[in-house]
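So this block is final-v9.cif, mmCIF, C-alpha atoms:
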data_model
loop_
_atom_site.label_atom_id
_atom_site.label_comp_id
_atom_site.auth_asym_id
_atom_site.auth_seq_id
_atom_site.Cartn_x
_atom_site.Cartn_y
_atom_site.Cartn_z
CA MET A 50 22.26 -15.88 -10.65
CA ALA A 51 22.64 -14.03 -7.33
CA GLU A 52 19.32 -14.54 -5.61
CA ILE A 53 18.48 -11.74 -3.20
CA LYS A 54 18.53 -12.86 0.42
CA TRP A 55 15.88 -10.62 1.94
CA GLU A 56 15.80 -9.72 5.60
CA ARG A 57 12.30 -9.61 7.09
CA ASP A 58 12.99 -7.72 10.30
CA PHE A 59 13.88 -4.03 10.38
CA GLU A 60 16.04 -4.19 13.48
CA THR A 61 18.01 -7.14 12.11
CA ALA A 62 18.52 -5.33 8.81
CA LYS A 63 19.74 -2.17 10.56
CA ALA A 64 22.18 -4.14 12.68
CA LYS A 65 23.50 -5.92 9.59
CA ALA A 66 23.79 -2.60 7.75
CA LYS A 67 25.84 -1.13 10.58
CA LYS A 68 28.08 -4.17 10.72
CA GLU A 69 28.64 -4.32 6.94
CA GLY A 70 28.78 -0.55 6.35
CA LYS A 71 25.98 -0.64 3.79
CA PRO A 72 22.66 1.17 3.50
CA VAL A 73 19.38 -0.73 3.80
CA PHE A 74 17.26 -1.22 0.70
CA HIS A 75 13.74 -1.43 2.10
CA ASP A 76 10.93 -2.76 -0.09
CA PHE A 77 7.38 -2.20 1.16
CA TRP A 78 5.15 -4.61 -0.73
CA PHE A 79 1.51 -5.65 -0.78
CA ASP A 80 0.20 -9.10 -1.67
CA GLY A 81 -3.08 -8.13 -3.28
CA MET B 486 10.24 -14.20 -4.87
CA ASN B 487 11.51 -12.79 -8.18
CA ALA B 488 9.24 -10.35 -9.94
CA GLY B 489 9.60 -7.16 -11.92
CA PRO B 490 13.04 -5.54 -11.63
CA TYR B 491 14.17 -8.23 -9.17
CA SER B 492 14.21 -10.79 -11.99
CA ASP B 493 17.08 -8.83 -13.58
CA GLU B 494 20.43 -10.40 -12.67
CA LYS B 495 22.26 -7.05 -12.55
CA VAL B 496 19.68 -5.70 -10.12
CA GLN B 497 19.94 -8.81 -7.95
CA THR B 498 23.72 -8.68 -7.85
CA PHE B 499 23.81 -4.96 -7.13
CA ILE B 500 21.36 -5.16 -4.26
CA GLU B 501 23.19 -8.13 -2.74
CA GLU B 502 26.59 -6.45 -3.00
CA GLU B 503 25.76 -2.84 -2.13
CA TYR B 504 22.74 -2.92 0.18
CA VAL B 505 21.19 -4.93 2.98
CA PRO B 506 17.89 -5.97 1.38
CA LEU B 507 14.77 -5.85 3.54
CA LYS B 508 11.14 -6.64 2.71
CA SER B 509 8.21 -5.37 4.77
CA GLN B 510 4.70 -6.53 3.94
CA CYS B 511 1.93 -3.92 3.90
CA PHE B 512 -1.61 -4.33 5.18
CA TRP B 513 -4.06 -1.57 4.33
CA LYS B 514 -6.87 -2.47 6.75
CA GLU B 515 -4.53 -2.30 9.71
CA ARG B 516 -1.39 -0.41 8.79
CA THR B 517 1.84 -1.75 10.26
CA GLU B 518 4.04 0.31 12.55
CA LEU B 519 6.66 0.58 9.81
CA MET B 520 4.02 1.84 7.35
CA LYS B 521 3.09 4.52 9.85
CA GLN B 522 6.67 5.36 10.69
CA PHE B 523 7.67 5.89 7.07
CA ASP B 524 4.34 7.22 5.71
CA ILE B 525 3.81 4.38 3.28
CA SER B 526 0.65 5.11 1.28
CA TRP B 527 1.20 3.09 -1.91
CA THR B 528 3.10 0.01 -3.01
CA PRO B 529 5.66 -0.73 -4.02
CA THR B 530 7.56 1.87 -2.04
CA PHE B 531 11.33 1.61 -1.81
CA LEU B 532 13.42 3.32 0.86
CA MET B 533 17.17 3.64 0.93
CA GLN B 534 18.13 4.01 4.54
CA GLU B 535 21.23 4.13 6.65
CA PHE B 536 21.70 1.80 9.60
CA GLY B 537 20.15 4.29 12.00
CA GLY B 538 16.96 4.29 9.94
CA ARG B 539 17.36 7.71 8.33
CA VAL B 540 15.78 7.77 4.86
CA HIS B 541 17.98 9.10 2.05
CA ARG B 542 15.69 8.24 -0.82
CA LYS B 543 12.06 7.23 -1.27
CA LEU B 544 10.68 5.81 -4.52
CA VAL B 545 7.03 5.00 -5.11
CA GLY B 546 5.61 2.73 -7.83
CA TYR B 547 6.90 0.14 -10.27
CA ILE B 548 10.27 0.95 -11.85
CA PRO B 549 11.69 -0.87 -14.92
CA ALA B 550 14.98 -2.72 -14.44
CA ASP B 551 17.43 -0.23 -16.01
CA ASP B 552 15.81 2.73 -14.27
CA PHE B 553 15.78 0.70 -11.08
CA LEU B 554 19.49 -0.04 -11.26
CA ALA B 555 20.20 3.64 -11.91
CA HIS B 556 18.11 4.60 -8.87
CA LEU B 557 20.00 2.09 -6.73
CA LYS B 558 23.30 3.67 -7.76
CA CYS B 559 21.98 7.21 -7.35
CA GLY B 560 20.71 6.20 -3.92
CA LYS B 561 24.23 5.17 -2.94
CA GLY B 562 25.39 8.57 -4.13
CA MET B 563 22.74 10.36 -2.09
CA VAL B 564 23.64 8.45 1.07
CA PHE B 565 27.23 9.68 0.74
CA PHE B 566 26.21 13.17 -0.41
CA GLU B 567 23.96 13.75 2.58
CA LYS B 568 26.76 12.61 4.87
CA GLU B 569 29.09 15.17 3.21
CA ARG B 570 31.25 12.36 1.79
CA HIS B 571 31.61 13.99 -1.60
CA GLU B 572 34.40 11.84 -3.03
CA GLU B 573 32.28 8.70 -2.76
CA ALA B 574 29.13 10.56 -3.82
CA THR B 575 30.71 11.77 -7.07
CA LYS B 576 31.82 8.23 -7.86
CA TRP B 577 28.24 6.96 -7.71
CA PHE B 578 26.71 9.91 -9.57
CA ARG B 579 29.25 9.37 -12.35
CA LYS B 580 28.30 5.70 -12.55
CA VAL B 581 24.66 6.66 -13.07
CA ILE B 582 25.55 9.13 -15.82
CA GLU B 583 28.02 6.84 -17.61
CA GLU B 584 26.22 3.52 -17.22
CA HIS B 585 22.58 4.67 -17.42
CA PRO B 586 22.50 7.84 -19.55
CA ASN B 587 18.90 7.21 -20.63
CA ALA B 588 17.51 6.46 -17.17
CA GLY B 589 14.98 8.87 -15.72
CA VAL B 590 17.25 9.65 -12.79
CA ALA B 591 20.28 10.54 -14.96
CA PRO B 592 19.60 14.33 -15.04
CA GLU B 593 19.33 14.35 -11.26
CA ALA B 594 22.68 12.57 -11.06
CA VAL B 595 24.23 15.23 -13.32
CA PHE B 596 22.85 17.97 -11.04
CA PHE B 597 24.14 16.38 -7.85
CA LEU B 598 27.48 15.49 -9.43
CA GLY B 599 27.94 19.21 -10.04
CA VAL B 600 26.93 20.11 -6.50
CA ALA B 601 29.10 17.39 -4.94
CA GLU B 602 32.11 18.44 -7.03
CA TYR B 603 31.55 22.05 -6.03
CA LYS B 604 31.35 21.12 -2.34
CA LYS B 605 34.50 19.02 -2.70
CA THR B 606 36.61 21.57 -4.61
CA HIS B 607 34.85 24.92 -3.98
CA GLU B 608 35.18 25.58 -7.69
CA ALA B 609 31.96 27.08 -9.04
CA SER B 610 32.84 25.87 -12.54
CA ALA B 611 31.58 22.44 -11.44
CA LEU B 612 28.08 23.88 -11.18
CA ARG B 613 28.42 25.50 -14.59
CA ARG B 614 29.51 22.16 -16.09
CA ALA B 615 26.42 20.54 -14.63
CA TYR B 616 24.23 23.22 -16.23
CA ASP B 617 25.97 22.84 -19.59
CA THR B 618 25.64 19.04 -19.53
CA LEU B 619 21.99 19.25 -18.57
CA THR B 620 21.12 21.76 -21.30
CA GLU B 621 22.95 19.67 -23.87
CA LYS B 622 21.76 16.19 -22.93
CA TYR B 623 18.51 16.69 -20.99
CA PRO B 624 16.98 19.99 -22.15
CA GLN B 625 13.45 18.96 -21.10
CA SER B 626 14.37 17.88 -17.58
CA GLU B 627 13.22 19.74 -14.49
CA TRP B 628 16.81 19.37 -13.23
CA THR B 629 17.96 21.49 -16.17
CA ARG B 630 15.59 24.23 -15.06
CA ARG B 631 16.80 23.87 -11.47
CA ALA B 632 20.37 24.34 -12.68
CA GLN B 633 19.49 27.52 -14.59
CA PRO B 634 21.00 29.85 -11.92
CA TYR B 635 24.38 28.27 -12.64
CA SER B 636 24.30 29.58 -16.21
CA ALA B 637 25.63 32.91 -14.86
CA ILE B 638 28.83 31.24 -13.64
CA PRO B 639 31.78 31.80 -16.01
CA LYS B 640 33.03 28.68 -17.80
#

Starting from the file, give its structure as structure tokens.
Amino acid sequence: MAEIKWERDFETAKAKAKKEGKPVFHDFWFDG
Amino acid sequence: MNAGPYSDEKVQTFIEEEYVPLKSQCFWKERTELMKQFDISWTPTFLMQEFGGRVHRKLVGYIPADDFLAHLKCGKGMVFFEKERHEEATKWFRKVIEEHPNAGVAPEAVFFLGVAEYKKTHEASALRRAYDTLTEKYPQSEWTRRAQPYSAIPK
């Protein structure tokens, strides 16, 4: 099973997206 | 953390292969800068963004796995569509229609497939085909009503 390797920093994710030519999938979540 | 649609292997694989996955925690007492920047007012909220941060799609609330996968594919289509890359956009809209015909987002994919094909070929019949498909397969959808002006286009 391909576990999702989540980024936790927006700037890092954007840089990775630019490098890999992919969009960012951004999940806003609440631990409540 | 695997919960909800993320426990589905197809969803996991698709996100890993086609997106850069990012999680941002929300705090309601003191909203984060990202919550303010993207007007996050409920969770979960999912954004599909390009590397510059531009939002191409925003989804709010829990989404079951098959609908979720269809939204992920439609989101890829919308990223290309809004960048005027219609060849790639049509590929993703077709995937939604063919692989997830019962998903909630499928009528929207039919609509935008028609628009993307029209923008690619300048043949208005593409819009008429979208209208015909919508009336046949999704007569109750709002997207069918939105496509109603295309009914005047000759087949």

Can you write out as a tab-separated table which residues of chain B fall within 8 Å of chain A, alongside each residue's closest atom pair and its distance in Å to one decimal, counting all atoms listed in the file and ordering rows by chain and ascending residue number?
residue	atom	partner	partner_atom	distance
B:Glu494	CA	A:Met50	CA	6.1
B:Gln497	CA	A:Ile53	CA	5.8
B:Thr498	CA	A:Ala51	CA	5.5
B:Ile500	CA	A:Ile53	CA	7.3
B:Glu501	CA	A:Ile53	CA	6.0
B:Glu503	CA	A:Lys71	CA	6.3
B:Tyr504	CA	A:Pro72	CA	5.3
B:Val505	CA	A:Val73	CA	4.6
B:Pro506	CA	A:Phe74	CA	4.8
B:Leu507	CA	A:Glu56	CA	4.5
B:Lys508	CA	A:Asp76	CA	4.8
B:Ser509	CA	A:Phe77	CA	4.9
B:Gln510	CA	A:Trp78	CA	5.1
B:Cys511	CA	A:Phe79	CA	5.0
B:Phe512	CA	A:Phe79	CA	6.9
B:Ile525	CA	A:Phe77	CA	7.8
B:Thr528	CA	A:Trp78	CA	5.5
B:Pro529	CA	A:Trp78	CA	5.1
B:Thr530	CA	A:Phe77	CA	5.2
B:Phe531	CA	A:Asp76	CA	4.7
B:Leu532	CA	A:His75	CA	4.9
B:Met533	CA	A:Phe74	CA	4.9
B:Gln534	CA	A:Val73	CA	5.0
B:Glu535	CA	A:Pro72	CA	4.6
B:Phe536	CA	A:Lys63	CA	4.5
B:Gly537	CA	A:Lys63	CA	6.6
B:Gly538	CA	A:Lys63	CA	7.1
B:Lys561	CA	A:Pro72	CA	7.7
B:Val564	CA	A:Pro72	CA	7.7

Could you take the residues named above and write them with C-alpha atoms, as a PDB file, keeping the file's coordinate frame?
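And here's again_8.pdb as it stands now:
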ATOM      1  CA  GLU B 494      20.430 -10.400 -12.670  1.00  0.00           C
ATOM      2  CA  GLN B 497      19.940  -8.810  -7.950  1.00  0.00           C
ATOM      3  CA  THR B 498      23.720  -8.680  -7.850  1.00  0.00           C
ATOM      4  CA  ILE B 500      21.360  -5.160  -4.260  1.00  0.00           C
ATOM      5  CA  GLU B 501      23.190  -8.130  -2.740  1.00  0.00           C
ATOM      6  CA  GLU B 503      25.760  -2.840  -2.130  1.00  0.00           C
ATOM      7  CA  TYR B 504      22.740  -2.920   0.180  1.00  0.00           C
ATOM      8  CA  VAL B 505      21.190  -4.930   2.980  1.00  0.00           C
ATOM      9  CA  PRO B 506      17.890  -5.970   1.380  1.00  0.00           C
ATOM     10  CA  LEU B 507      14.770  -5.850   3.540  1.00  0.00           C
ATOM     11  CA  LYS B 508      11.140  -6.640   2.710  1.00  0.00           C
ATOM     12  CA  SER B 509       8.210  -5.370   4.770  1.00  0.00           C
ATOM     13  CA  GLN B 510       4.700  -6.530   3.940  1.00  0.00           C
ATOM     14  CA  CYS B 511       1.930  -3.920   3.900  1.00  0.00           C
ATOM     15  CA  PHE B 512      -1.610  -4.330   5.180  1.00  0.00           C
ATOM     16  CA  ILE B 525       3.810   4.380   3.280  1.00  0.00           C
ATOM     17  CA  THR B 528       3.100   0.010  -3.010  1.00  0.00           C
ATOM     18  CA  PRO B 529       5.660  -0.730  -4.020  1.00  0.00           C
ATOM     19  CA  THR B 530       7.560   1.870  -2.040  1.00  0.00           C
ATOM     20  CA  PHE B 531      11.330   1.610  -1.810  1.00  0.00           C
ATOM     21  CA  LEU B 532      13.420   3.320   0.860  1.00  0.00           C
ATOM     22  CA  MET B 533      17.170   3.640   0.930  1.00  0.00           C
ATOM     23  CA  GLN B 534      18.130   4.010   4.540  1.00  0.00           C
ATOM     24  CA  GLU B 535      21.230   4.130   6.650  1.00  0.00           C
ATOM     25  CA  PHE B 536      21.700   1.800   9.600  1.00  0.00           C
ATOM     26  CA  GLY B 537      20.150   4.290  12.000  1.00  0.00           C
ATOM     27  CA  GLY B 538      16.960   4.290   9.940  1.00  0.00           C
ATOM     28  CA  LYS B 561      24.230   5.170  -2.940  1.00  0.00           C
ATOM     29  CA  VAL B 564      23.640   8.450   1.070  1.00  0.00           C
TER      30      VAL B 564
END

Selection dump of the PyMOL selection byres ((chain B and resi 591) around 10), as an mmCIF file with C-alpha atoms, keeping the file's coordinate frame:
data_model
loop_
_atom_site.group_PDB
_atom_site.id
_atom_site.type_symbol
_atom_site.label_atom_id
_atom_site.label_comp_id
_atom_site.auth_asym_id
_atom_site.auth_seq_id
_atom_site.Cartn_x
_atom_site.Cartn_y
_atom_site.Cartn_z
ATOM 1 C CA ASP B 552 15.810 2.730 -14.270
ATOM 2 C CA ALA B 555 20.200 3.640 -11.910
ATOM 3 C CA HIS B 556 18.110 4.600 -8.870
ATOM 4 C CA CYS B 559 21.980 7.210 -7.350
ATOM 5 C CA PHE B 578 26.710 9.910 -9.570
ATOM 6 C CA ARG B 579 29.250 9.370 -12.350
ATOM 7 C CA LYS B 580 28.300 5.700 -12.550
ATOM 8 C CA VAL B 581 24.660 6.660 -13.070
ATOM 9 C CA ILE B 582 25.550 9.130 -15.820
ATOM 10 C CA GLU B 583 28.020 6.840 -17.610
ATOM 11 C CA GLU B 584 26.220 3.520 -17.220
ATOM 12 C CA HIS B 585 22.580 4.670 -17.420
ATOM 13 C CA PRO B 586 22.500 7.840 -19.550
ATOM 14 C CA ASN B 587 18.900 7.210 -20.630
ATOM 15 C CA ALA B 588 17.510 6.460 -17.170
ATOM 16 C CA GLY B 589 14.980 8.870 -15.720
ATOM 17 C CA VAL B 590 17.250 9.650 -12.790
ATOM 18 C CA PRO B 592 19.600 14.330 -15.040
ATOM 19 C CA GLU B 593 19.330 14.350 -11.260
ATOM 20 C CA ALA B 594 22.680 12.570 -11.060
ATOM 21 C CA VAL B 595 24.230 15.230 -13.320
ATOM 22 C CA PHE B 596 22.850 17.970 -11.040
ATOM 23 C CA PHE B 597 24.140 16.380 -7.850
ATOM 24 C CA LEU B 619 21.990 19.250 -18.570
ATOM 25 C CA LYS B 622 21.760 16.190 -22.930
ATOM 26 C CA TYR B 623 18.510 16.690 -20.990
ATOM 27 C CA SER B 626 14.370 17.880 -17.580
ATOM 28 C CA TRP B 628 16.810 19.370 -13.230
#

**Complete:** Using all atoms listed in the file, the best pick from B:Ala550, B:Ala637, B:Thr606, B:Gln522 as closest to Tyr491 (chain B) would be B:Ala550

**Request:** State, in Å with one decimal place, the distance from CA of Tyr616 (chain B) to CA of Asp551 (chain B).
**Result:** 24.4 Å

**Message:** What's the separation between CA of His541 (chain B) and CA of Lys495 (chain B), in Å to one decimal place?
**Reply:**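 So the two atoms, CA of His541 (chain B) and CA of Lys495 (chain B), lie 22.2 Å apart.
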
**Prompt:** Which one is closest to Pro634 (chain B): B:Asp524, B:Glu515, B:Glu567, B:Asp617? Count all atoms listed in the file.
**Reply:**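 Looking at the shortest contact to Pro634 (chain B), the residue is B:Asp617.
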
**d(CA of Trp577 (chain B), CA of Arg630 (chain B)) in Å** =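 According to the coordinates, CA of Trp577 (chain B) and CA of Arg630 (chain B) are separated by 22.6 Å.
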
Any chance you could work out the axis-aligned box around region 63-70 of chain A, listed atoms only, 6 Å on each side, giving centre and edge lengths in Å to one decimal, as JSON?
{"center_x": 24.3, "center_y": -3.2, "center_z": 9.5, "size_x": 21.0, "size_y": 17.4, "size_z": 18.3}

**Request:** Just the residues within 10 Å of Glu602 (chain B), please, counting all atoms listed in the file, with nothing from its chain fewer than 6 positions along; format it as an NGL selection string.
**Result:** :B and (571-572 or 574-575 or 608-612 or 615)

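Of the residues listed (B:Leu598, B:Lys514, B:Phe499, B:Phe523), B:Phe499 shows the shortest atom-to-atom separation from Lys558 (chain B); distances use only C-alpha atoms.
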